[in-house]
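Structure file input.cif (mmCIF, C-alpha atoms) is printed below.
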```
data_data
#
loop_
_atom_site.label_atom_id
_atom_site.label_comp_id
_atom_site.auth_asym_id
_atom_site.auth_seq_id
_atom_site.Cartn_x
_atom_site.Cartn_y
_atom_site.Cartn_z
CA MET A 1 26.10 -88.40 14.72
CA SER A 2 22.83 -89.60 16.18
CA GLN A 3 22.39 -89.80 19.95
CA SER A 4 20.67 -93.18 19.75
CA ARG A 5 23.61 -94.77 17.97
CA GLU A 6 26.03 -93.26 20.49
CA ALA A 7 23.94 -94.59 23.34
CA SER A 8 23.83 -98.08 21.92
CA THR A 9 27.59 -98.23 21.44
CA GLY A 10 28.78 -96.78 24.71
CA GLY A 11 29.79 -93.41 23.38
CA GLY A 12 32.60 -94.55 21.12
CA SER A 13 32.93 -92.64 17.88
CA LEU A 14 35.36 -92.04 15.04
CA THR A 15 36.25 -88.89 13.15
CA VAL A 16 38.78 -89.21 10.34
CA ILE A 17 40.58 -86.02 9.38
CA GLY A 18 43.37 -84.92 7.07
CA THR A 19 46.19 -82.67 8.21
CA GLY A 20 46.78 -81.20 4.79
CA ILE A 21 50.24 -81.36 3.27
CA ARG A 22 51.71 -78.96 5.84
CA PRO A 23 50.58 -78.20 9.41
CA GLN A 24 49.32 -74.75 8.48
CA GLN A 25 46.71 -76.39 6.22
CA LEU A 26 44.83 -78.10 9.06
CA THR A 27 41.29 -76.76 8.68
CA PRO A 28 39.45 -75.18 11.63
CA GLU A 29 36.86 -77.94 11.36
CA SER A 30 39.50 -80.67 11.58
CA ARG A 31 41.37 -78.90 14.36
CA HIS A 32 38.18 -78.78 16.39
CA ALA A 33 37.53 -82.49 15.83
CA LEU A 34 41.10 -83.27 16.84
CA LEU A 35 40.97 -81.26 20.04
CA GLU A 36 37.58 -82.71 21.03
CA ALA A 37 38.72 -86.33 20.72
CA ASP A 38 39.81 -88.53 23.64
CA ASP A 39 42.48 -90.21 21.52
CA LEU A 40 44.37 -89.11 18.43
CA LEU A 41 45.92 -91.70 16.14
CA TYR A 42 47.91 -90.29 13.25
CA LEU A 43 49.98 -91.20 10.22
CA ALA A 44 52.59 -88.67 9.10
CA ALA A 45 54.32 -88.58 5.73
CA GLU A 46 57.71 -89.56 7.09
CA PRO A 47 59.28 -91.36 10.08
CA GLY A 48 59.18 -89.20 13.15
CA GLY A 49 56.84 -86.77 11.45
CA GLY A 50 53.77 -85.42 13.15
CA SER A 51 55.45 -84.26 16.33
CA TRP A 52 53.38 -81.09 16.00
CA LEU A 53 50.27 -83.25 16.44
CA GLU A 54 51.69 -84.59 19.70
CA ARG A 55 52.06 -81.01 20.88
CA LEU A 56 48.40 -80.39 20.05
CA HIS A 57 46.93 -83.45 21.75
CA PRO A 58 48.05 -85.20 24.96
CA ASN A 59 46.88 -88.64 23.81
CA ALA A 60 48.41 -88.65 20.33
CA ARG A 61 49.93 -91.85 19.02
CA SER A 62 51.54 -92.55 15.66
CA LEU A 63 50.38 -95.40 13.42
CA GLU A 64 53.87 -95.60 11.93
CA GLY A 65 54.60 -98.83 13.79
CA CYS A 66 51.98 -100.59 11.66
CA TYR A 67 54.40 -100.49 8.72
CA VAL A 68 56.90 -103.33 8.60
CA ALA A 69 59.60 -102.90 5.95
CA GLY A 70 59.32 -105.57 3.28
CA GLU A 71 55.77 -106.60 4.14
CA GLU A 72 52.75 -105.99 1.94
CA ARG A 73 51.27 -102.59 2.62
CA ARG A 74 47.79 -104.08 2.96
CA SER A 75 48.96 -105.82 6.16
CA ALA A 76 49.88 -102.41 7.53
CA TYR A 77 46.49 -101.00 6.56
CA GLU A 78 44.69 -103.81 8.37
CA ALA A 79 46.77 -103.14 11.47
CA MET A 80 45.96 -99.42 11.24
CA VAL A 81 42.23 -100.04 10.97
CA GLU A 82 42.26 -102.24 14.05
CA ALA A 83 44.44 -99.77 15.99
CA ILE A 84 41.91 -97.04 15.19
CA LEU A 85 38.82 -99.08 16.06
CA GLU A 86 40.08 -100.68 19.28
CA PRO A 87 39.62 -97.54 21.42
CA VAL A 88 36.32 -96.76 19.64
CA ARG A 89 35.00 -100.12 20.84
CA ARG A 90 36.08 -99.17 24.37
CA GLY A 91 33.81 -96.14 24.21
CA ARG A 92 36.49 -93.57 23.33
CA ARG A 93 35.99 -90.67 20.96
CA VAL A 94 38.75 -91.28 18.46
CA CYS A 95 40.22 -88.95 15.88
CA ALA A 96 42.33 -90.57 13.15
CA ALA A 97 44.52 -88.11 11.24
CA PHE A 98 46.19 -88.82 7.91
CA TYR A 99 48.40 -86.45 5.96
CA GLY A 100 46.83 -84.76 2.96
CA HIS A 101 43.14 -85.51 2.42
CA PRO A 102 42.05 -88.54 4.45
CA GLY A 103 39.91 -89.90 1.66
CA VAL A 104 42.39 -89.57 -1.20
CA PHE A 105 44.88 -92.41 -1.68
CA VAL A 106 44.29 -93.61 1.86
CA THR A 107 42.98 -97.14 2.17
CA PRO A 108 42.68 -97.54 5.99
CA SER A 109 40.69 -94.33 6.51
CA HIS A 110 37.78 -95.45 4.36
CA GLU A 111 37.91 -98.95 5.80
CA ALA A 112 37.90 -97.69 9.39
CA VAL A 113 34.81 -95.58 8.75
CA ARG A 114 33.11 -98.49 6.99
CA ARG A 115 33.79 -100.93 9.84
CA ALA A 116 32.84 -98.42 12.51
CA HIS A 117 29.50 -97.91 10.80
CA ALA A 118 29.06 -101.68 10.44
CA ASP A 119 29.65 -102.04 14.20
CA GLY A 120 27.06 -99.36 14.92
CA PHE A 121 29.42 -96.54 15.90
CA PRO A 122 29.06 -92.97 14.66
CA ALA A 123 31.83 -92.30 12.18
CA ARG A 124 32.58 -89.55 9.71
CA MET A 125 35.33 -88.25 7.47
CA LEU A 126 36.15 -84.56 7.10
CA PRO A 127 37.63 -83.09 3.91
CA ALA A 128 41.12 -81.60 3.84
CA VAL A 129 43.79 -80.14 1.57
CA SER A 130 45.23 -82.83 -0.71
CA ALA A 131 48.43 -82.96 -2.73
CA GLU A 132 46.29 -82.45 -5.82
CA ASP A 133 44.95 -79.17 -4.38
CA CYS A 134 48.55 -78.00 -3.84
CA LEU A 135 49.48 -79.10 -7.34
CA TYR A 136 46.85 -76.89 -8.96
CA ALA A 137 47.99 -73.89 -6.93
CA ASP A 138 51.73 -74.43 -7.43
CA LEU A 139 51.58 -75.19 -11.15
CA GLY A 140 48.84 -72.71 -12.02
CA ILE A 141 46.58 -75.37 -13.48
CA ASP A 142 42.81 -74.99 -13.59
CA PRO A 143 41.38 -78.47 -14.21
CA GLY A 144 38.13 -76.84 -15.22
CA ARG A 145 39.68 -75.42 -18.38
CA SER A 146 41.00 -78.53 -20.10
CA GLY A 147 39.90 -81.32 -17.79
CA ARG A 148 42.21 -83.83 -16.14
CA GLN A 149 42.68 -87.54 -15.76
CA SER A 150 44.20 -88.74 -12.51
CA TYR A 151 45.42 -92.27 -11.74
CA GLU A 152 47.69 -94.09 -9.37
CA ALA A 153 50.70 -94.96 -11.56
CA THR A 154 50.74 -98.71 -10.98
CA GLU A 155 47.00 -98.87 -11.59
CA PHE A 156 47.48 -96.89 -14.81
CA LEU A 157 50.05 -99.39 -16.08
CA GLU A 158 48.28 -102.55 -14.97
CA HIS A 159 44.86 -101.51 -16.23
CA PRO A 160 45.49 -99.13 -19.16
CA ARG A 161 42.91 -96.39 -19.71
CA PRO A 162 42.19 -94.29 -22.77
CA VAL A 163 44.35 -91.16 -22.65
CA ASP A 164 42.65 -87.89 -23.54
CA GLY A 165 45.32 -85.79 -25.25
CA ARG A 166 43.37 -82.59 -24.60
CA ALA A 167 43.36 -83.00 -20.84
CA TYR A 168 46.06 -83.04 -18.13
CA LEU A 169 47.15 -86.51 -17.08
CA ILE A 170 48.27 -86.79 -13.44
CA LEU A 171 49.96 -89.98 -12.23
CA TRP A 172 50.56 -90.54 -8.51
CA GLN A 173 53.11 -92.60 -6.63
CA ILE A 174 55.54 -92.83 -9.54
CA SER A 175 58.43 -93.65 -7.21
CA VAL A 176 57.01 -97.03 -6.23
CA ILE A 177 55.51 -98.36 -9.45
CA GLY A 178 54.74 -102.04 -9.10
CA GLU A 179 55.74 -102.04 -5.43
CA ARG A 180 53.12 -103.33 -3.02
CA ARG A 181 55.38 -103.64 0.01
CA ALA A 182 56.37 -100.99 2.52
CA VAL A 183 59.79 -99.89 1.25
CA SER A 184 62.42 -97.36 2.28
CA SER A 185 63.65 -96.22 -1.11
CA PRO A 186 62.17 -95.41 -4.53
CA ARG A 187 61.91 -98.11 -7.18
CA TYR A 188 63.23 -96.42 -10.29
CA ALA A 189 62.77 -99.41 -12.62
CA GLY A 190 59.08 -98.65 -12.88
CA LEU A 191 59.75 -95.23 -14.39
CA ALA A 192 61.15 -96.76 -17.57
CA GLU A 193 58.05 -98.88 -17.95
CA LEU A 194 55.85 -95.85 -17.37
CA ALA A 195 57.80 -93.72 -19.87
CA GLU A 196 57.47 -96.45 -22.49
CA ALA A 197 53.72 -96.63 -21.98
CA LEU A 198 53.36 -92.85 -22.21
CA LEU A 199 55.42 -92.66 -25.40
CA ALA A 200 52.56 -94.48 -27.10
CA HIS A 201 50.44 -91.37 -26.46
CA TYR A 202 52.88 -88.44 -26.48
CA PRO A 203 55.91 -87.44 -28.57
CA PRO A 204 59.34 -87.94 -26.95
CA GLU A 205 59.95 -84.20 -26.62
CA HIS A 206 56.61 -83.58 -24.88
CA GLU A 207 57.33 -81.67 -21.67
CA VAL A 208 56.25 -83.36 -18.44
CA VAL A 209 56.51 -82.15 -14.86
CA VAL A 210 57.76 -84.07 -11.85
CA TYR A 211 56.09 -82.42 -8.89
CA GLU A 212 56.24 -82.64 -5.12
CA ALA A 213 54.22 -80.38 -2.85
CA SER A 214 56.15 -78.73 -0.05
CA PRO A 215 55.37 -80.01 3.45
CA TYR A 216 56.68 -76.74 4.88
CA PRO A 217 55.33 -73.19 4.61
CA LEU A 218 57.33 -70.65 2.62
CA VAL A 219 59.29 -73.46 0.96
CA ASP A 220 58.92 -73.95 -2.76
CA ALA A 221 57.42 -77.10 -4.21
CA ILE A 222 59.69 -79.30 -6.32
CA VAL A 223 58.87 -78.66 -9.97
CA GLU A 224 61.15 -80.43 -12.48
CA ARG A 225 60.29 -79.93 -16.14
CA LEU A 226 61.75 -82.42 -18.58
CA PRO A 227 61.00 -84.06 -21.92
CA LEU A 228 59.06 -87.30 -21.63
CA VAL A 229 61.93 -89.25 -23.17
CA ALA A 230 64.14 -88.30 -20.19
CA LEU A 231 61.68 -89.57 -17.59
CA ALA A 232 63.17 -93.06 -17.41
CA GLU A 233 66.48 -91.64 -16.16
CA GLU A 234 64.98 -89.19 -13.65
CA GLN A 235 65.85 -89.74 -9.98
CA VAL A 236 62.44 -88.80 -8.63
CA THR A 237 61.84 -88.06 -4.97
CA PRO A 238 59.79 -90.55 -2.95
CA MET A 239 56.68 -88.37 -2.89
CA ALA A 240 56.86 -87.34 -6.56
CA THR A 241 53.87 -87.02 -8.87
CA LEU A 242 53.97 -86.86 -12.67
CA VAL A 243 51.97 -84.19 -14.48
CA ILE A 244 51.58 -84.48 -18.24
CA PRO A 245 50.17 -81.35 -19.88
CA PRO A 246 47.71 -81.71 -22.76
CA ARG A 247 49.15 -82.79 -26.11
CA GLU A 248 46.58 -80.66 -27.93
CA ARG A 249 45.32 -77.33 -26.66
CA MET B 1 65.85 -83.59 16.63
CA ALA B 2 65.33 -81.55 13.50
CA LYS B 3 65.12 -77.97 14.68
CA ILE B 4 64.47 -76.55 11.21
CA LYS B 5 61.51 -78.87 10.87
CA ASP B 6 60.15 -77.88 14.27
CA PHE B 7 60.56 -74.23 13.37
CA LEU B 8 58.75 -74.51 10.05
CA GLU B 9 55.95 -76.61 11.52
CA GLN B 10 55.17 -74.13 14.28
CA LEU B 11 55.32 -71.09 12.01
CA ASP B 12 52.03 -69.22 11.88
CA ALA B 13 50.46 -69.16 8.43
CA GLY B 14 51.30 -65.91 6.70
CA THR B 15 53.76 -64.11 4.49
CA TYR B 16 57.21 -63.23 5.77
CA THR B 17 60.16 -61.43 4.27
CA ASP B 18 63.47 -63.26 4.51
CA GLU B 19 64.51 -60.77 7.15
CA GLU B 20 61.43 -61.53 9.23
CA LEU B 21 62.04 -65.25 8.77
CA ARG B 22 65.63 -64.85 9.97
CA GLU B 23 64.48 -62.88 13.02
CA ARG B 24 61.88 -65.48 13.93
CA GLY B 25 64.31 -68.33 13.28
CA ASP B 26 66.96 -66.63 15.38
CA ARG B 27 64.49 -66.25 18.26
CA PHE B 28 63.61 -69.96 17.84
CA GLY B 29 67.28 -70.82 18.24
CA LEU B 30 68.34 -71.64 14.68
CA ASP B 31 72.00 -71.08 13.88
CA GLY B 32 73.38 -69.23 10.84
CA ASP B 33 73.50 -72.28 8.55
CA GLN B 34 69.98 -73.25 9.50
CA LEU B 35 68.75 -69.73 8.82
CA ASP B 36 70.43 -69.81 5.40
CA ASP B 37 68.65 -73.08 4.64
CA VAL B 38 65.28 -71.66 5.70
CA VAL B 39 65.52 -68.54 3.55
CA SER B 40 66.68 -70.58 0.55
CA HIS B 41 63.03 -71.72 0.22
CA ASP B 42 64.55 -74.80 -1.46
CA LEU B 43 62.71 -77.98 -0.48
CA ASN B 44 65.55 -80.32 -1.45
CA LYS B 45 68.05 -78.29 0.58
CA ILE B 46 65.74 -78.16 3.59
CA LYS B 47 64.93 -81.86 3.41
CA ASN B 48 68.64 -82.68 3.35
CA ALA B 49 69.25 -80.42 6.33
CA ILE B 50 66.42 -82.08 8.24
CA LYS B 51 67.75 -85.52 7.37
CA ARG B 52 71.21 -84.52 8.65
CA GLU B 53 69.77 -83.10 11.86
CA SER B 54 67.51 -86.04 12.60
CA GLY B 55 70.32 -88.51 11.90
CA ASN B 56 68.02 -90.84 10.04
CA PRO B 57 70.40 -93.44 8.57
CA LYS B 58 67.61 -95.36 6.88
CA GLY B 59 66.46 -92.44 4.78
CA GLN B 60 62.84 -91.72 4.19
CA LEU B 61 60.44 -94.58 4.65
CA LEU B 62 57.85 -94.41 1.94
CA LYS B 63 54.37 -94.03 3.33
CA VAL B 64 52.45 -94.34 0.15
CA VAL B 65 48.96 -95.27 1.12
CA MET B 66 47.17 -97.46 -1.35
#
```
Output the file's structure as structure tokens, nothing else.
Amino acid sequence: MSQSREASTGGGSLTVIGTGIRPQQLTPESRHALLEADDLLYLAAEPGGGSWLERLHPNARSLEGCYVAGEERRSAYEAMVEAILEPVRRGRRVCAAFYGHPGVFVTPSHEAVRRAHADGFPARMLPAVSAEDCLYADLGIDPGRSGRQSYEATEFLEHPRPVDGRAYLILWQISVIGERRAVSSPRYAGLAELAEALLAHYPPEHEVVVYEASPYPLVDAIVERLPLVALAEEQVTPMATLVIPPRER
Amino acid sequence: MAKIKDFLEQLDAGTYTDEELRERGDRFGLDGDQLDDVVSHDLNKIKNAIKRESGNPKGQLLKVVM
């Protein structure tokens, strides 16, 4: 961050970090940024989550209240961006922490950095451990060997892409396909639609994996292997991801 | 309060035998059932225990971010 920009904006700054999927994955770099900040605003993966962040920082505040059940999620993201930038504009050094990697599947983090820059404040994003990083470790997949395609599930259905049968296909947020509101339970109807779309590319007996990284150390990830044809009936967990191994090796 | 969750979150990164986990959990104040849940290493079982402890009647609020 340049000194001249800090001087012109009263010292306010923004650092966006990711906490990783579990607390033990917070990187030393991110921990340092967190501890150096005047204010910490955070978004945990579940209600009441992130209490460990409040033990780390005396001025920690959750962004959870920005979500209103039944409202479009983009309204929540706008509220989060403004909640993050308000103290920056008052000259505070703000750290915004999101679970996982702050730049992966996180709309308000990118927008907050963009607006902070536009307003002349120093702003940066630090890398972190994402769910995809955990997935490779837990499932023993090296994306460098066969390649991988990775899409948000609703995006994959609404804007179909060519499927490479020799690569892994990873689809995120399969529990809320077609759902743009903040909701409190999975929307299973979308799974049938997704299974139907995938059956155009894979045989019914093709094995797929429903995966969820563990948010706790020493606790196994959820790894459910099932034939593609059974996907429509699967009661997936809210944070589930679908992994489809290559059709051809 | 979800004591299992607090215990797991404060655990130092590392490798522990189940016996070591039980000892640490015991010192943290977990009871026998909670210790059994911890050494099960079963995410579904632990999530259910946490949900019971935190008394969250609404279930998990999805925080998908996109």
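Using all atoms listed in the file, the smallest distance between any of A:Ser130, A:Gln149, A:Thr27, A:Thr19 and A:Ala96 comes from A:Thr19.
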Between atom CA of A:Ala116 and atom CA of A:His32 - distance in Å to one decimal: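 Value for the atom CA of A:His32-atom CA of A:Ala116 distance: 20.7 Å.
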Closest of A:Glu158, A:Asp133, A:Glu179, A:Asp119 to chain B - atom-to-atom distances counting all atoms listed in the file: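 Of the candidates, the smallest distance to chain B is held by A:Glu179.
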Expansion of the PyMOL selection byres ((chain A and resi 122-127) around 10) into residues, as a ChimeraX atom specification: /A:1-6,9,11-20,27,29-30,33,88,93-97,100-104,109-110,112-121,128-130
Within 7 Å of chain B: residues of chain A, using only C-alpha atoms, as a ChimeraX atom specification: /A:23-24,45-47,52,105-107,182-185,214,216-222,238
Point-to-point distance from atom CA of A:Gly49 to atom CA of B:Glu53, Å rounded to tenths: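 It comes out at 13.4 Å.
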Two-atom distance - atom CA of A:Pro28, atom CA of A:Leu41 (Å):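 Result for atom CA of A:Pro28 versus atom CA of A:Leu41: 18.3 Å, one decimal.
Excluding B:Leu30 and any residue on its chain fewer than 6 positions from it, the residues at most 9 Å away by all atoms listed in the file are Lys3, Ile4, Phe7, Arg22 and Arg24 of chain B.
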N, CA and C atoms are needed for stretch 21-47 of chain B; please write them out as a PDB file, keeping the file's coordinate frame.
```
ATOM      1  N   LEU B  21      61.825 -63.822   8.543  1.00  0.00           N
ATOM      2  CA  LEU B  21      62.040 -65.250   8.770  1.00  0.00           C
ATOM      3  C   LEU B  21      63.315 -65.469   9.591  1.00  0.00           C
ATOM      4  N   ARG B  22      64.365 -64.726   9.226  1.00  0.00           N
ATOM      5  CA  ARG B  22      65.630 -64.850   9.970  1.00  0.00           C
ATOM      6  C   ARG B  22      65.449 -64.431  11.425  1.00  0.00           C
ATOM      7  N   GLU B  23      64.705 -63.343  11.643  1.00  0.00           N
ATOM      8  CA  GLU B  23      64.480 -62.880  13.020  1.00  0.00           C
ATOM      9  C   GLU B  23      63.725 -63.928  13.826  1.00  0.00           C
ATOM     10  N   ARG B  24      62.675 -64.474  13.218  1.00  0.00           N
ATOM     11  CA  ARG B  24      61.880 -65.480  13.930  1.00  0.00           C
ATOM     12  C   ARG B  24      62.716 -66.746  14.178  1.00  0.00           C
ATOM     13  N   GLY B  25      63.468 -67.143  13.142  1.00  0.00           N
ATOM     14  CA  GLY B  25      64.310 -68.330  13.280  1.00  0.00           C
ATOM     15  C   GLY B  25      65.372 -68.137  14.343  1.00  0.00           C
ATOM     16  N   ASP B  26      65.934 -66.949  14.378  1.00  0.00           N
ATOM     17  CA  ASP B  26      66.960 -66.630  15.380  1.00  0.00           C
ATOM     18  C   ASP B  26      66.369 -66.733  16.788  1.00  0.00           C
ATOM     19  N   ARG B  27      65.159 -66.170  16.954  1.00  0.00           N
ATOM     20  CA  ARG B  27      64.490 -66.250  18.260  1.00  0.00           C
ATOM     21  C   ARG B  27      64.177 -67.696  18.631  1.00  0.00           C
ATOM     22  N   PHE B  28      63.934 -68.542  17.601  1.00  0.00           N
ATOM     23  CA  PHE B  28      63.610 -69.960  17.840  1.00  0.00           C
ATOM     24  C   PHE B  28      64.874 -70.746  18.193  1.00  0.00           C
ATOM     25  N   GLY B  29      66.031 -70.150  17.887  1.00  0.00           N
ATOM     26  CA  GLY B  29      67.280 -70.820  18.240  1.00  0.00           C
ATOM     27  C   GLY B  29      68.024 -71.448  17.076  1.00  0.00           C
ATOM     28  N   LEU B  30      67.628 -71.099  15.840  1.00  0.00           N
ATOM     29  CA  LEU B  30      68.340 -71.640  14.680  1.00  0.00           C
ATOM     30  C   LEU B  30      69.688 -70.943  14.545  1.00  0.00           C
ATOM     31  N   ASP B  31      70.699 -71.703  14.086  1.00  0.00           N
ATOM     32  CA  ASP B  31      72.000 -71.080  13.880  1.00  0.00           C
ATOM     33  C   ASP B  31      72.090 -70.510  12.458  1.00  0.00           C
ATOM     34  N   GLY B  32      73.230 -69.919  12.124  1.00  0.00           N
ATOM     35  CA  GLY B  32      73.380 -69.230  10.840  1.00  0.00           C
ATOM     36  C   GLY B  32      73.137 -70.137   9.639  1.00  0.00           C
ATOM     37  N   ASP B  33      73.694 -71.351   9.674  1.00  0.00           N
ATOM     38  CA  ASP B  33      73.500 -72.280   8.550  1.00  0.00           C
ATOM     39  C   ASP B  33      72.022 -72.661   8.407  1.00  0.00           C
ATOM     40  N   GLN B  34      71.406 -72.874   9.540  1.00  0.00           N
ATOM     41  CA  GLN B  34      69.980 -73.250   9.500  1.00  0.00           C
ATOM     42  C   GLN B  34      69.136 -72.100   8.948  1.00  0.00           C
ATOM     43  N   LEU B  35      69.495 -70.891   9.337  1.00  0.00           N
ATOM     44  CA  LEU B  35      68.750 -69.730   8.820  1.00  0.00           C
ATOM     45  C   LEU B  35      68.947 -69.598   7.314  1.00  0.00           C
ATOM     46  N   ASP B  36      70.173 -69.855   6.850  1.00  0.00           N
ATOM     47  CA  ASP B  36      70.430 -69.810   5.400  1.00  0.00           C
ATOM     48  C   ASP B  36      69.566 -70.839   4.673  1.00  0.00           C
ATOM     49  N   ASP B  37      69.473 -72.025   5.267  1.00  0.00           N
ATOM     50  CA  ASP B  37      68.650 -73.080   4.640  1.00  0.00           C
ATOM     51  C   ASP B  37      67.187 -72.640   4.574  1.00  0.00           C
ATOM     52  N   VAL B  38      66.690 -72.062   5.651  1.00  0.00           N
ATOM     53  CA  VAL B  38      65.280 -71.660   5.700  1.00  0.00           C
ATOM     54  C   VAL B  38      64.972 -70.612   4.627  1.00  0.00           C
ATOM     55  N   VAL B  39      65.831 -69.608   4.505  1.00  0.00           N
ATOM     56  CA  VAL B  39      65.520 -68.540   3.550  1.00  0.00           C
ATOM     57  C   VAL B  39      65.884 -68.921   2.114  1.00  0.00           C
ATOM     58  N   SER B  40      66.454 -70.115   1.936  1.00  0.00           N
ATOM     59  CA  SER B  40      66.680 -70.580   0.550  1.00  0.00           C
ATOM     60  C   SER B  40      65.347 -70.944  -0.100  1.00  0.00           C
ATOM     61  N   HIS B  41      64.346 -71.293   0.701  1.00  0.00           N
ATOM     62  CA  HIS B  41      63.030 -71.720   0.220  1.00  0.00           C
ATOM     63  C   HIS B  41      63.138 -72.952  -0.686  1.00  0.00           C
ATOM     64  N   ASP B  42      64.256 -73.665  -0.571  1.00  0.00           N
ATOM     65  CA  ASP B  42      64.550 -74.800  -1.460  1.00  0.00           C
ATOM     66  C   ASP B  42      64.207 -76.098  -0.713  1.00  0.00           C
ATOM     67  N   LEU B  43      63.184 -76.788  -1.184  1.00  0.00           N
ATOM     68  CA  LEU B  43      62.710 -77.980  -0.480  1.00  0.00           C
ATOM     69  C   LEU B  43      63.776 -79.060  -0.393  1.00  0.00           C
ATOM     70  N   ASN B  44      64.516 -79.284  -1.486  1.00  0.00           N
ATOM     71  CA  ASN B  44      65.550 -80.320  -1.450  1.00  0.00           C
ATOM     72  C   ASN B  44      66.618 -79.989  -0.403  1.00  0.00           C
ATOM     73  N   LYS B  45      67.021 -78.720  -0.374  1.00  0.00           N
ATOM     74  CA  LYS B  45      68.050 -78.290   0.580  1.00  0.00           C
ATOM     75  C   LYS B  45      67.539 -78.449   2.020  1.00  0.00           C
ATOM     76  N   ILE B  46      66.307 -78.074   2.236  1.00  0.00           N
ATOM     77  CA  ILE B  46      65.740 -78.160   3.590  1.00  0.00           C
ATOM     78  C   ILE B  46      65.535 -79.616   4.009  1.00  0.00           C
ATOM     79  N   LYS B  47      65.096 -80.447   3.071  1.00  0.00           N
ATOM     80  CA  LYS B  47      64.930 -81.860   3.410  1.00  0.00           C
ATOM     81  C   LYS B  47      66.268 -82.503   3.780  1.00  0.00           C
TER      82      LYS B  47
END
```
